[in-house]
Amino acid sequence: MKDVEQTIRTYIAENMLFSGNGYPYADTASFLEEGIVDSMGIMELVMFVEESFQVTVEDEDLVPDNFDSVSKLASYIRAKSPPTAKTA
Amino acid sequence: MMLVQHFLENSADRRPGKVALVCDGQRLTYAEIEARANRLANAFTASGLGRGERVALYLPNSVELVIGIFAALKAGGVFVVINHSTKYHKLAYILNNCQASALVMPRRQVDWAERLLEEVPFLEATVLTGRARAEREGMLSFEAIQRNCSPQRPEPVNIDRDLACLIYTSGSTGDPKGVMSDHSNVVFAASSIIEYLQNKENDVVNNVLPLSFDYGLYQLLMVFKFGGTLVLEKGFNYPAAVLKRIETEKVTGFPGVPTLFALLLQMDLSKYDLSSLRYLTNTAAALPPSHIEQIRDRFPRATLYSMYGLTETKRTLYLPPKELDARPGSVGIAIPGTEVWIEDEHGYRLGPGRVGELVVRGRHVMRGYWGDPQATAARFRPGPFPGERLCYTGDLFRMDEEGFMYFVSRKDDIIKSRGEKVAPKEVENVLYGLNGVKEAAVVGVADPVLGEAVKAFIVTDGNRLSEADVLRHCRAHLEDFMMPKYVAFRAALPKTSSGKIKKTGLA
């Protein structure tokens, strides 16, 4: 699977930070604490993950451990993706 | 005489070992919160905080915020909770507006704290929360205060006519205004709401609303008054985690706004055991009747309270749940111990079926707007007896034959999005601060989840501006709930004969 982290960073930078110069935070920065993504933003992020990575996000998956930073979200997406995609 | 800090102190005396607060993975008893609040209060006093001085709390929902609120009161101060998504410029504006003497904020924003020390002349003490590698000169550490200051309860220095808090709310002029509540206002409003919700010590309330918003703040104040347990969330970003907590903490009360309920209704709730819920409350905007039906269907054991209020009187109306079937569109009657009526523009009271402004009378009518006698005089007008003030809500209502109230519309152009007030003027002022914007007009458009979404119309001065440019600028200056969802560029905006932008028809 191509760089999941980069895809997430680009999406947030363009659609939530409206940034012209990429994602300025560390991959481990908390979306919530740093104010990177707000509560409505998390819902948008779910739709982005489902569409871009063909992953079905169950309600109970929507917890900070999976969704609160670029790193956590990338690990979650990798864990949920079909095995073949992981090695690609 | 009861003061707001007595809510905590009485419960700490009566039930010291009871869990008062579940937050950030911690479970704190009344005695623990009392000791921590006393320590911070003693630190405020030692740093020179005087009676009636303002203590600004710029923190997300957290244990430190709860402690800060009661510490400010115990030191004789007036607490001001500032929404943690507020950006620097507005934060500095509010601190200067209320002439804050003390400020509590997270250490990771220490750069802002340093700038504020220079830009807010009244600021004497800044307390930083969170782990410190090194102490900052001129700033206090929340952790060090907890280690070093006395847990002795300070003697009260105030009386119940003194101010307890300022709650900032959007005003139609675009500048936020601080609603002044004295201790007696807060004690009365909290008691009245507890009465109709029939709260008891065994109630566990789950609050996802920011404590900067009076609806969120009063969840804390009321729970501490009746000696229950507050489960305090950072927000509603992770609905499944909140639902899980309702299950594990056996939550009995859940306050929401229409946006929250709309999100909940999109979820599969059958996976959670929500049978502990005794009541749900809704305010800030009316629930669509279809949502009322679905909520009752999905939460069959919980009673739903439809309510209405404004910061200037805290809560104003509530619909007794037994009336919900007969009048689902109503927000009810005056809260216990208060009265309301509807007036036309000449001051005559109107009977059933006629539309006019809702007027409120009672001890929950707050003391006015901080430092703004003009706005105070417009909203808070003389009542029937000398010295009494009524609140003119600015909201148009009608009532039915039995006296139940129905919201019709606002008199001003304030937008309600996610249950919070957005002044178009405030968003427009920010837009005009962006190079290239020649004209801007902001309106609310209907949205199934947000209630109303913020839409900005822009005319540029010929420079190229993209939607991303506009949103990036807004994001740097506006709180989350004020962010435009839509940006539309126009060659020109419609004008009135006097040359003002005409918003009717913009959507």
# chains A, B, ... in the order shown; residues from 1 in each chain; ligands from 1

call {"tool": "interface_residues", "arguments": {"of": "chain B", "to": "chain A", "cutoff": "9 Å", "atoms": "only C-alpha atoms", "output": "list in words"}}
result
Pro60, His84, Ser85, Lys234, Gly235, Phe236, Asn237, Tyr238, Pro239, Ala240, Ala241, Lys244, Met267, Asp268, Glu467, Ala468, Asp469, Val470, Leu471, Arg472, His473, Arg475, Asp480 and Phe481 of chain B

call {"tool": "write_last_selection", "arguments": {"atoms": "C-alpha atoms", "output": "PDB file, in the first residue's frame"}}
result
ATOM      1  CA  PRO B  60     -10.458  22.334  27.140  1.00  0.00           C
ATOM      2  CA  HIS B  84     -10.558  26.392  23.833  1.00  0.00           C
ATOM      3  CA  SER B  85     -10.913  26.675  20.062  1.00  0.00           C
ATOM      4  CA  LYS B 234     -13.559  16.568  25.791  1.00  0.00           C
ATOM      5  CA  GLY B 235     -16.281  16.726  23.183  1.00  0.00           C
ATOM      6  CA  PHE B 236     -18.423  14.572  20.956  1.00  0.00           C
ATOM      7  CA  ASN B 237     -15.687  13.746  18.458  1.00  0.00           C
ATOM      8  CA  TYR B 238     -15.863  10.033  19.233  1.00  0.00           C
ATOM      9  CA  PRO B 239     -19.555   9.184  19.702  1.00  0.00           C
ATOM     10  CA  ALA B 240     -18.902   5.449  20.146  1.00  0.00           C
ATOM     11  CA  ALA B 241     -16.537   6.142  23.048  1.00  0.00           C
ATOM     12  CA  LYS B 244     -19.534   3.101  25.746  1.00  0.00           C
ATOM     13  CA  MET B 267     -25.555   5.271  14.626  1.00  0.00           C
ATOM     14  CA  ASP B 268     -26.529   1.719  15.467  1.00  0.00           C
ATOM     15  CA  GLU B 467     -12.032  28.996  -1.404  1.00  0.00           C
ATOM     16  CA  ALA B 468      -9.003  27.491   0.379  1.00  0.00           C
ATOM     17  CA  ASP B 469      -7.508  30.969   0.892  1.00  0.00           C
ATOM     18  CA  VAL B 470     -10.719  32.122   2.526  1.00  0.00           C
ATOM     19  CA  LEU B 471     -11.108  29.047   4.721  1.00  0.00           C
ATOM     20  CA  ARG B 472      -7.449  29.094   5.784  1.00  0.00           C
ATOM     21  CA  HIS B 473      -7.849  32.697   6.902  1.00  0.00           C
ATOM     22  CA  ARG B 475      -9.492  28.918  10.460  1.00  0.00           C
ATOM     23  CA  ASP B 480     -14.567  25.796  14.986  1.00  0.00           C
ATOM     24  CA  PHE B 481     -18.321  26.317  15.143  1.00  0.00           C
TER      25      PHE B 481
END

call {"tool": "select_by_dssp", "arguments": {"residues": "region 7-55 of chain A", "states": "alpha helix (DSSP H)", "output": "PyMOL selection string"}}
result
chain A and resi 7-15+39-53

call {"tool": "residues_around", "arguments": {"residues": "Thr126 (chain B)", "least_positions_apart": "3", "cutoff": "9 Å", "atoms": "only C-alpha atoms", "output": "list in words"}}
result
Ser101, Ala102, Leu103, Val104, Met105, Ala113, Leu117, Leu123, Gly138, Met139, Leu140 and Ser141 of chain B

call {"tool": "write_last_selection", "arguments": {"atoms": "N, CA, C and O atoms", "output": "PDB file, in the first residue's frame"}}
result
ATOM      1  N   SER B 101      -7.229  39.295  35.678  1.00  0.00           N
ATOM      2  CA  SER B 101      -6.034  39.397  36.525  1.00  0.00           C
ATOM      3  C   SER B 101      -5.252  38.099  36.530  1.00  0.00           C
ATOM      4  O   SER B 101      -4.058  38.094  36.780  1.00  0.00           O
ATOM      5  N   ALA B 102      -5.968  36.995  36.325  1.00  0.00           N
ATOM      6  CA  ALA B 102      -5.301  35.697  36.339  1.00  0.00           C
ATOM      7  C   ALA B 102      -5.771  34.897  35.133  1.00  0.00           C
ATOM      8  O   ALA B 102      -6.892  35.082  34.640  1.00  0.00           O
ATOM      9  N   LEU B 103      -4.886  34.024  34.668  1.00  0.00           N
ATOM     10  CA  LEU B 103      -5.177  33.210  33.484  1.00  0.00           C
ATOM     11  C   LEU B 103      -4.617  31.815  33.721  1.00  0.00           C
ATOM     12  O   LEU B 103      -3.487  31.672  34.182  1.00  0.00           O
ATOM     13  N   VAL B 104      -5.427  30.811  33.424  1.00  0.00           N
ATOM     14  CA  VAL B 104      -4.945  29.433  33.471  1.00  0.00           C
ATOM     15  C   VAL B 104      -5.035  28.885  32.051  1.00  0.00           C
ATOM     16  O   VAL B 104      -6.093  28.980  31.419  1.00  0.00           O
ATOM     17  N   MET B 105      -3.936  28.350  31.538  1.00  0.00           N
ATOM     18  CA  MET B 105      -3.949  27.795  30.184  1.00  0.00           C
ATOM     19  C   MET B 105      -2.919  26.669  30.049  1.00  0.00           C
ATOM     20  O   MET B 105      -2.067  26.517  30.909  1.00  0.00           O
ATOM     21  N   ALA B 113       0.945  32.505  25.977  1.00  0.00           N
ATOM     22  CA  ALA B 113       0.930  33.030  27.342  1.00  0.00           C
ATOM     23  C   ALA B 113       1.930  34.171  27.477  1.00  0.00           C
ATOM     24  O   ALA B 113       1.648  35.208  28.099  1.00  0.00           O
ATOM     25  N   LEU B 117       1.018  38.151  28.312  1.00  0.00           N
ATOM     26  CA  LEU B 117       1.537  38.907  29.458  1.00  0.00           C
ATOM     27  C   LEU B 117       1.894  40.334  29.047  1.00  0.00           C
ATOM     28  O   LEU B 117       1.776  41.269  29.826  1.00  0.00           O
ATOM     29  N   LEU B 123      -3.083  41.513  33.568  1.00  0.00           N
ATOM     30  CA  LEU B 123      -2.733  40.147  33.903  1.00  0.00           C
ATOM     31  C   LEU B 123      -1.561  40.087  34.874  1.00  0.00           C
ATOM     32  O   LEU B 123      -0.478  40.594  34.604  1.00  0.00           O
ATOM     33  N   GLY B 138       8.044  34.110  35.750  1.00  0.00           N
ATOM     34  CA  GLY B 138       6.851  34.942  35.738  1.00  0.00           C
ATOM     35  C   GLY B 138       5.570  34.138  35.583  1.00  0.00           C
ATOM     36  O   GLY B 138       4.486  34.707  35.498  1.00  0.00           O
ATOM     37  N   MET B 139       5.663  32.817  35.507  1.00  0.00           N
ATOM     38  CA  MET B 139       4.451  32.000  35.385  1.00  0.00           C
ATOM     39  C   MET B 139       4.443  30.917  36.452  1.00  0.00           C
ATOM     40  O   MET B 139       5.500  30.425  36.851  1.00  0.00           O
ATOM     41  N   LEU B 140       3.244  30.558  36.878  1.00  0.00           N
ATOM     42  CA  LEU B 140       3.105  29.548  37.919  1.00  0.00           C
ATOM     43  C   LEU B 140       2.814  28.202  37.271  1.00  0.00           C
ATOM     44  O   LEU B 140       2.270  28.137  36.160  1.00  0.00           O
ATOM     45  N   SER B 141       3.148  27.153  37.986  1.00  0.00           N
ATOM     46  CA  SER B 141       2.878  25.820  37.476  1.00  0.00           C
ATOM     47  C   SER B 141       1.737  25.205  38.277  1.00  0.00           C
ATOM     48  O   SER B 141       1.772  25.170  39.509  1.00  0.00           O
TER      49      SER B 141
END

call {"tool": "residues_around", "arguments": {"residues": "Ser69 (chain A)", "least_positions_apart": "5", "cutoff": "7 Å", "atoms": "only C-alpha atoms", "output": "PDB file with C-alpha atoms, in the first residue's frame"}}
result
ATOM      1  CA  ASP A  27       2.532  12.379  12.743  1.00  0.00           C
ATOM      2  CA  THR A  28       2.033  11.709  16.463  1.00  0.00           C
ATOM      3  CA  ALA A  29       0.369  15.097  17.183  1.00  0.00           C
ATOM      4  CA  SER A  30      -3.106  14.667  18.690  1.00  0.00           C
ATOM      5  CA  PHE A  31      -5.807  15.904  16.308  1.00  0.00           C
TER       6      PHE A  31
END

call {"tool": "atom_distance", "arguments": {"atom1": "CA of Ala507 (chain B)", "atom2": "CA of Glu426 (chain B)"}}
result
18.4 Å

call {"tool": "residues_around", "arguments": {"residues": "Gly76 (chain B)", "least_positions_apart": "4", "cutoff": "8 Å", "atoms": "only C-alpha atoms", "output": "compact mmCIF listing (two decimals) with all heavy atoms, in the first residue's frame"}}
result
# COMPACT_ATOMS: atom_id res chain seq x y z
N GLY B 50 -7.60 39.79 43.95
CA GLY B 50 -8.51 40.44 44.89
C GLY B 50 -9.95 40.05 44.65
O GLY B 50 -10.30 39.49 43.60
N ARG B 51 -10.81 40.39 45.60
CA ARG B 51 -12.24 40.11 45.48
C ARG B 51 -12.80 40.71 44.19
O ARG B 51 -12.55 41.87 43.87
CB ARG B 51 -12.94 40.73 46.70
CG ARG B 51 -14.44 40.62 46.68
CD ARG B 51 -15.00 41.17 47.98
NE ARG B 51 -16.44 41.23 47.95
CZ ARG B 51 -17.18 41.70 48.96
NH1 ARG B 51 -16.58 42.13 50.07
NH2 ARG B 51 -18.48 41.72 48.88
N GLY B 52 -13.55 39.90 43.48
CA GLY B 52 -14.23 40.39 42.27
C GLY B 52 -13.35 40.46 41.04
O GLY B 52 -13.82 40.82 39.96
N GLU B 53 -12.07 40.10 41.16
CA GLU B 53 -11.21 40.14 39.97
C GLU B 53 -11.45 38.91 39.10
O GLU B 53 -11.82 37.85 39.60
CB GLU B 53 -9.73 40.28 40.37
CG GLU B 53 -9.47 41.63 40.99
CD GLU B 53 -8.00 41.92 41.29
OE1 GLU B 53 -7.17 40.98 41.30
OE2 GLU B 53 -7.71 43.09 41.53
N ALA B 72 -11.29 29.79 41.49
CA ALA B 72 -11.53 31.22 41.26
C ALA B 72 -12.59 31.74 42.24
O ALA B 72 -12.42 32.80 42.86
CB ALA B 72 -11.97 31.44 39.82
N PRO B 156 -14.69 32.49 52.98
CA PRO B 156 -15.30 33.25 51.87
C PRO B 156 -15.16 34.76 52.08
O PRO B 156 -15.27 35.25 53.20
CB PRO B 156 -16.77 32.83 51.92
CG PRO B 156 -16.98 32.17 53.23
CD PRO B 156 -15.67 31.72 53.75
N VAL B 157 -14.85 35.46 50.98
CA VAL B 157 -14.71 36.91 51.08
C VAL B 157 -15.86 37.63 50.37
O VAL B 157 -15.98 38.83 50.44
CB VAL B 157 -13.37 37.39 50.46
CG1 VAL B 157 -12.20 36.88 51.28
CG2 VAL B 157 -13.23 36.93 49.01
N ASN B 158 -16.71 36.85 49.68
CA ASN B 158 -17.75 37.50 48.89
C ASN B 158 -19.15 37.21 49.44
O ASN B 158 -19.32 36.36 50.32
CB ASN B 158 -17.65 37.11 47.42
CG ASN B 158 -17.32 35.63 47.23
OD1 ASN B 158 -17.38 34.86 48.18
ND2 ASN B 158 -16.99 35.25 46.01

call {"tool": "residues_around", "arguments": {"residues": "Tyr168 (chain B)", "least_positions_apart": "6", "cutoff": "9 Å", "atoms": "only C-alpha atoms", "output": "PDB file with all heavy atoms, in the first residue's frame"}}
result
ATOM      1  N   VAL B  80     -14.099  33.093  34.218  1.00  0.00           N
ATOM      2  CA  VAL B  80     -14.469  33.314  32.822  1.00  0.00           C
ATOM      3  C   VAL B  80     -13.901  32.139  32.035  1.00  0.00           C
ATOM      4  O   VAL B  80     -12.685  32.033  31.882  1.00  0.00           O
ATOM      5  CB  VAL B  80     -13.839  34.623  32.276  1.00  0.00           C
ATOM      6  CG1 VAL B  80     -14.361  34.929  30.881  1.00  0.00           C
ATOM      7  CG2 VAL B  80     -14.062  35.795  33.225  1.00  0.00           C
ATOM      8  N   VAL B  81     -14.766  31.234  31.580  1.00  0.00           N
ATOM      9  CA  VAL B  81     -14.278  30.098  30.800  1.00  0.00           C
ATOM     10  C   VAL B  81     -14.284  30.513  29.332  1.00  0.00           C
ATOM     11  O   VAL B  81     -15.310  30.966  28.816  1.00  0.00           O
ATOM     12  CB  VAL B  81     -15.155  28.837  30.990  1.00  0.00           C
ATOM     13  CG1 VAL B  81     -14.560  27.655  30.221  1.00  0.00           C
ATOM     14  CG2 VAL B  81     -15.287  28.485  32.470  1.00  0.00           C
ATOM     15  N   ILE B  82     -13.143  30.384  28.679  1.00  0.00           N
ATOM     16  CA  ILE B  82     -13.043  30.779  27.265  1.00  0.00           C
ATOM     17  C   ILE B  82     -12.896  29.523  26.418  1.00  0.00           C
ATOM     18  O   ILE B  82     -12.030  28.682  26.680  1.00  0.00           O
ATOM     19  CB  ILE B  82     -11.844  31.724  27.047  1.00  0.00           C
ATOM     20  CG1 ILE B  82     -12.003  32.965  27.925  1.00  0.00           C
ATOM     21  CG2 ILE B  82     -11.728  32.114  25.573  1.00  0.00           C
ATOM     22  CD1 ILE B  82     -10.777  33.836  28.004  1.00  0.00           C
ATOM     23  N   ILE B  94     -10.889  39.172  24.610  1.00  0.00           N
ATOM     24  CA  ILE B  94     -11.724  38.841  25.777  1.00  0.00           C
ATOM     25  C   ILE B  94     -10.960  39.134  27.080  1.00  0.00           C
ATOM     26  O   ILE B  94     -11.519  39.715  28.014  1.00  0.00           O
ATOM     27  CB  ILE B  94     -12.184  37.362  25.721  1.00  0.00           C
ATOM     28  CG1 ILE B  94     -13.162  37.168  24.560  1.00  0.00           C
ATOM     29  CG2 ILE B  94     -12.834  36.938  27.042  1.00  0.00           C
ATOM     30  CD1 ILE B  94     -13.599  35.725  24.331  1.00  0.00           C
ATOM     31  N   PRO B 176     -17.827  39.852  20.983  1.00  0.00           N
ATOM     32  CA  PRO B 176     -18.437  39.025  22.030  1.00  0.00           C
ATOM     33  C   PRO B 176     -18.705  39.849  23.292  1.00  0.00           C
ATOM     34  O   PRO B 176     -17.954  40.769  23.603  1.00  0.00           O
ATOM     35  CB  PRO B 176     -17.381  37.953  22.299  1.00  0.00           C
ATOM     36  CG  PRO B 176     -16.106  38.492  21.768  1.00  0.00           C
ATOM     37  CD  PRO B 176     -16.443  39.458  20.683  1.00  0.00           C
ATOM     38  N   LYS B 177     -19.798  39.502  23.972  1.00  0.00           N
ATOM     39  CA  LYS B 177     -20.179  40.235  25.180  1.00  0.00           C
ATOM     40  C   LYS B 177     -20.173  39.272  26.369  1.00  0.00           C
ATOM     41  O   LYS B 177     -20.614  38.138  26.264  1.00  0.00           O
ATOM     42  CB  LYS B 177     -21.575  40.836  25.024  1.00  0.00           C
ATOM     43  CG  LYS B 177     -21.653  41.889  23.940  1.00  0.00           C
ATOM     44  CD  LYS B 177     -22.902  42.743  24.052  1.00  0.00           C
ATOM     45  CE  LYS B 177     -24.180  42.006  23.715  1.00  0.00           C
ATOM     46  NZ  LYS B 177     -24.465  41.955  22.282  1.00  0.00           N
ATOM     47  N   GLY B 178     -19.705  39.759  27.523  1.00  0.00           N
ATOM     48  CA  GLY B 178     -19.641  38.928  28.719  1.00  0.00           C
ATOM     49  C   GLY B 178     -20.903  39.105  29.560  1.00  0.00           C
ATOM     50  O   GLY B 178     -21.152  40.176  30.109  1.00  0.00           O
ATOM     51  N   VAL B 179     -21.710  38.052  29.635  1.00  0.00           N
ATOM     52  CA  VAL B 179     -22.925  38.111  30.463  1.00  0.00           C
ATOM     53  C   VAL B 179     -22.506  37.924  31.927  1.00  0.00           C
ATOM     54  O   VAL B 179     -21.858  36.945  32.282  1.00  0.00           O
ATOM     55  CB  VAL B 179     -23.921  37.008  30.052  1.00  0.00           C
ATOM     56  CG1 VAL B 179     -25.136  37.002  30.986  1.00  0.00           C
ATOM     57  CG2 VAL B 179     -24.370  37.212  28.611  1.00  0.00           C
ATOM     58  N   MET B 180     -22.889  38.898  32.766  1.00  0.00           N
ATOM     59  CA  MET B 180     -22.514  38.864  34.183  1.00  0.00           C
ATOM     60  C   MET B 180     -23.565  38.103  34.979  1.00  0.00           C
ATOM     61  O   MET B 180     -24.742  38.465  34.963  1.00  0.00           O
ATOM     62  CB  MET B 180     -22.442  40.287  34.749  1.00  0.00           C
ATOM     63  CG  MET B 180     -21.437  41.185  34.054  1.00  0.00           C
ATOM     64  SD  MET B 180     -21.324  42.815  34.849  1.00  0.00           S
ATOM     65  CE  MET B 180     -22.818  43.613  34.263  1.00  0.00           C
ATOM     66  N   SER B 212     -17.409  26.280  28.326  1.00  0.00           N
ATOM     67  CA  SER B 212     -17.478  27.705  27.986  1.00  0.00           C
ATOM     68  C   SER B 212     -18.899  28.097  27.605  1.00  0.00           C
ATOM     69  O   SER B 212     -19.231  29.277  27.507  1.00  0.00           O
ATOM     70  CB  SER B 212     -16.537  27.995  26.815  1.00  0.00           C
ATOM     71  OG  SER B 212     -16.813  27.103  25.749  1.00  0.00           O
ATOM     72  N   PHE B 213     -19.721  27.096  27.373  1.00  0.00           N
ATOM     73  CA  PHE B 213     -21.097  27.273  26.911  1.00  0.00           C
ATOM     74  C   PHE B 213     -21.951  27.087  28.171  1.00  0.00           C
ATOM     75  O   PHE B 213     -21.709  26.155  28.938  1.00  0.00           O
ATOM     76  CB  PHE B 213     -21.311  26.153  25.889  1.00  0.00           C
ATOM     77  CG  PHE B 213     -22.631  26.033  25.196  1.00  0.00           C
ATOM     78  CD1 PHE B 213     -23.468  27.113  25.020  1.00  0.00           C
ATOM     79  CD2 PHE B 213     -23.028  24.802  24.668  1.00  0.00           C
ATOM     80  CE1 PHE B 213     -24.667  26.960  24.348  1.00  0.00           C
ATOM     81  CE2 PHE B 213     -24.222  24.641  23.991  1.00  0.00           C
ATOM     82  CZ  PHE B 213     -25.038  25.731  23.835  1.00  0.00           C
ATOM     83  N   THR B 311     -28.156  32.743  27.267  1.00  0.00           N
ATOM     84  CA  THR B 311     -27.178  32.948  28.339  1.00  0.00           C
ATOM     85  C   THR B 311     -27.649  34.028  29.316  1.00  0.00           C
ATOM     86  O   THR B 311     -27.374  33.952  30.511  1.00  0.00           O
ATOM     87  CB  THR B 311     -25.824  33.347  27.717  1.00  0.00           C
ATOM     88  OG1 THR B 311     -25.528  32.414  26.676  1.00  0.00           O
ATOM     89  CG2 THR B 311     -24.709  33.315  28.736  1.00  0.00           C
TER      90      THR B 311
END

call {"tool": "closest_residue", "arguments": {"among": "B:Ser170, B:Ser150, B:Ser181, B:Asn10", "to": "Ala46 (chain B)", "atoms": "only C-alpha atoms"}}
result
B:Ser150

call {"tool": "closest_residue", "arguments": {"among": "B:Arg298, B:Gly227, B:Gly444, B:Asp175", "to": "Leu265 (chain B)", "atoms": "only C-alpha atoms"}}
result
B:Arg298

call {"tool": "residues_around", "arguments": {"residues": "region 347-352 of chain B", "least_positions_apart": "3", "cutoff": "12 Å", "atoms": "only C-alpha atoms", "output": "PyMOL selection string"}}
result
chain B and resi 340-344+355-359+381+383+392+396-406

call {"tool": "write_last_selection", "arguments": {"atoms": "N, CA and C atoms", "output": "PDB file, in the first residue's frame"}}
result
ATOM      1  N   VAL B 340     -42.895  34.219  32.270  1.00  0.00           N
ATOM      2  CA  VAL B 340     -42.615  34.750  30.932  1.00  0.00           C
ATOM      3  C   VAL B 340     -43.925  35.230  30.315  1.00  0.00           C
ATOM      4  N   TRP B 341     -43.793  36.133  29.367  1.00  0.00           N
ATOM      5  CA  TRP B 341     -44.958  36.518  28.571  1.00  0.00           C
ATOM      6  C   TRP B 341     -44.475  37.015  27.214  1.00  0.00           C
ATOM      7  N   ILE B 342     -45.438  37.307  26.334  1.00  0.00           N
ATOM      8  CA  ILE B 342     -45.108  37.768  24.985  1.00  0.00           C
ATOM      9  C   ILE B 342     -45.621  39.193  24.819  1.00  0.00           C
ATOM     10  N   GLU B 343     -44.765  40.071  24.306  1.00  0.00           N
ATOM     11  CA  GLU B 343     -45.124  41.485  24.141  1.00  0.00           C
ATOM     12  C   GLU B 343     -45.027  41.900  22.681  1.00  0.00           C
ATOM     13  N   ASP B 344     -45.874  42.860  22.291  1.00  0.00           N
ATOM     14  CA  ASP B 344     -45.679  43.451  20.963  1.00  0.00           C
ATOM     15  C   ASP B 344     -44.681  44.606  21.092  1.00  0.00           C
ATOM     16  N   VAL B 355     -47.894  36.653  17.603  1.00  0.00           N
ATOM     17  CA  VAL B 355     -46.431  36.572  17.636  1.00  0.00           C
ATOM     18  C   VAL B 355     -45.828  37.856  18.194  1.00  0.00           C
ATOM     19  N   GLY B 356     -44.954  37.713  19.177  1.00  0.00           N
ATOM     20  CA  GLY B 356     -44.264  38.865  19.756  1.00  0.00           C
ATOM     21  C   GLY B 356     -42.992  38.419  20.455  1.00  0.00           C
ATOM     22  N   GLU B 357     -42.342  39.380  21.141  1.00  0.00           N
ATOM     23  CA  GLU B 357     -41.057  39.075  21.787  1.00  0.00           C
ATOM     24  C   GLU B 357     -41.283  38.417  23.145  1.00  0.00           C
ATOM     25  N   LEU B 358     -40.496  37.397  23.434  1.00  0.00           N
ATOM     26  CA  LEU B 358     -40.580  36.728  24.734  1.00  0.00           C
ATOM     27  C   LEU B 358     -39.863  37.582  25.787  1.00  0.00           C
ATOM     28  N   VAL B 359     -40.564  37.836  26.895  1.00  0.00           N
ATOM     29  CA  VAL B 359     -40.013  38.639  27.994  1.00  0.00           C
ATOM     30  C   VAL B 359     -39.950  37.741  29.228  1.00  0.00           C
ATOM     31  N   ARG B 381     -34.411  45.460  30.730  1.00  0.00           N
ATOM     32  CA  ARG B 381     -35.180  46.705  30.905  1.00  0.00           C
ATOM     33  C   ARG B 381     -35.923  46.679  32.233  1.00  0.00           C
ATOM     34  N   GLY B 383     -38.317  46.432  35.347  1.00  0.00           N
ATOM     35  CA  GLY B 383     -39.479  45.611  35.626  1.00  0.00           C
ATOM     36  C   GLY B 383     -40.501  46.386  36.435  1.00  0.00           C
ATOM     37  N   TYR B 392     -35.450  41.057  27.844  1.00  0.00           N
ATOM     38  CA  TYR B 392     -36.100  41.025  26.540  1.00  0.00           C
ATOM     39  C   TYR B 392     -35.227  40.153  25.637  1.00  0.00           C
ATOM     40  N   LEU B 396     -38.739  35.825  18.912  1.00  0.00           N
ATOM     41  CA  LEU B 396     -40.184  35.924  18.697  1.00  0.00           C
ATOM     42  C   LEU B 396     -40.833  34.570  19.003  1.00  0.00           C
ATOM     43  N   PHE B 397     -41.905  34.620  19.770  1.00  0.00           N
ATOM     44  CA  PHE B 397     -42.633  33.423  20.187  1.00  0.00           C
ATOM     45  C   PHE B 397     -44.128  33.628  19.981  1.00  0.00           C
ATOM     46  N   ARG B 398     -44.854  32.523  19.990  1.00  0.00           N
ATOM     47  CA  ARG B 398     -46.303  32.578  20.169  1.00  0.00           C
ATOM     48  C   ARG B 398     -46.659  31.526  21.204  1.00  0.00           C
ATOM     49  N   MET B 399     -47.837  31.690  21.849  1.00  0.00           N
ATOM     50  CA  MET B 399     -48.239  30.653  22.799  1.00  0.00           C
ATOM     51  C   MET B 399     -49.604  30.100  22.417  1.00  0.00           C
ATOM     52  N   ASP B 400     -49.870  28.849  22.883  1.00  0.00           N
ATOM     53  CA  ASP B 400     -51.177  28.263  22.585  1.00  0.00           C
ATOM     54  C   ASP B 400     -52.167  28.627  23.695  1.00  0.00           C
ATOM     55  N   GLU B 401     -53.386  28.100  23.602  1.00  0.00           N
ATOM     56  CA  GLU B 401     -54.455  28.464  24.541  1.00  0.00           C
ATOM     57  C   GLU B 401     -54.094  28.102  25.981  1.00  0.00           C
ATOM     58  N   GLU B 402     -53.299  27.075  26.160  1.00  0.00           N
ATOM     59  CA  GLU B 402     -52.935  26.642  27.524  1.00  0.00           C
ATOM     60  C   GLU B 402     -51.665  27.312  28.024  1.00  0.00           C
ATOM     61  N   GLY B 403     -51.104  28.216  27.241  1.00  0.00           N
ATOM     62  CA  GLY B 403     -49.936  28.969  27.706  1.00  0.00           C
ATOM     63  C   GLY B 403     -48.593  28.334  27.375  1.00  0.00           C
ATOM     64  N   PHE B 404     -48.568  27.319  26.516  1.00  0.00           N
ATOM     65  CA  PHE B 404     -47.294  26.703  26.118  1.00  0.00           C
ATOM     66  C   PHE B 404     -46.677  27.495  24.967  1.00  0.00           C
ATOM     67  N   MET B 405     -45.346  27.645  25.038  1.00  0.00           N
ATOM     68  CA  MET B 405     -44.644  28.549  24.131  1.00  0.00           C
ATOM     69  C   MET B 405     -44.063  27.822  22.923  1.00  0.00           C
ATOM     70  N   TYR B 406     -44.081  28.548  21.785  1.00  0.00           N
ATOM     71  CA  TYR B 406     -43.522  28.028  20.533  1.00  0.00           C
ATOM     72  C   TYR B 406     -42.564  29.074  19.965  1.00  0.00           C
TER      73      TYR B 406
END

call {"tool": "closest_residue", "arguments": {"among": "A:Ala26, A:Ile77, A:Val70, A:Val57", "to": "Ile12 (chain A)", "atoms": "only C-alpha atoms"}}
result
A:Val70

call {"tool": "select_by_dssp", "arguments": {"residues": "region 404-445 of chain B", "states": "strand (DSSP E or B)", "output": "list of chain:residue names"}}
result
B:Met405, B:Tyr406, B:Phe407, B:Val408, B:Ser409, B:Arg410, B:Ile415, B:Lys416, B:Ser417, B:Glu420, B:Lys421, B:Val422, B:Val437, B:Lys438, B:Glu439, B:Ala440, B:Ala441, B:Val442, B:Val443, B:Gly444, B:Val445
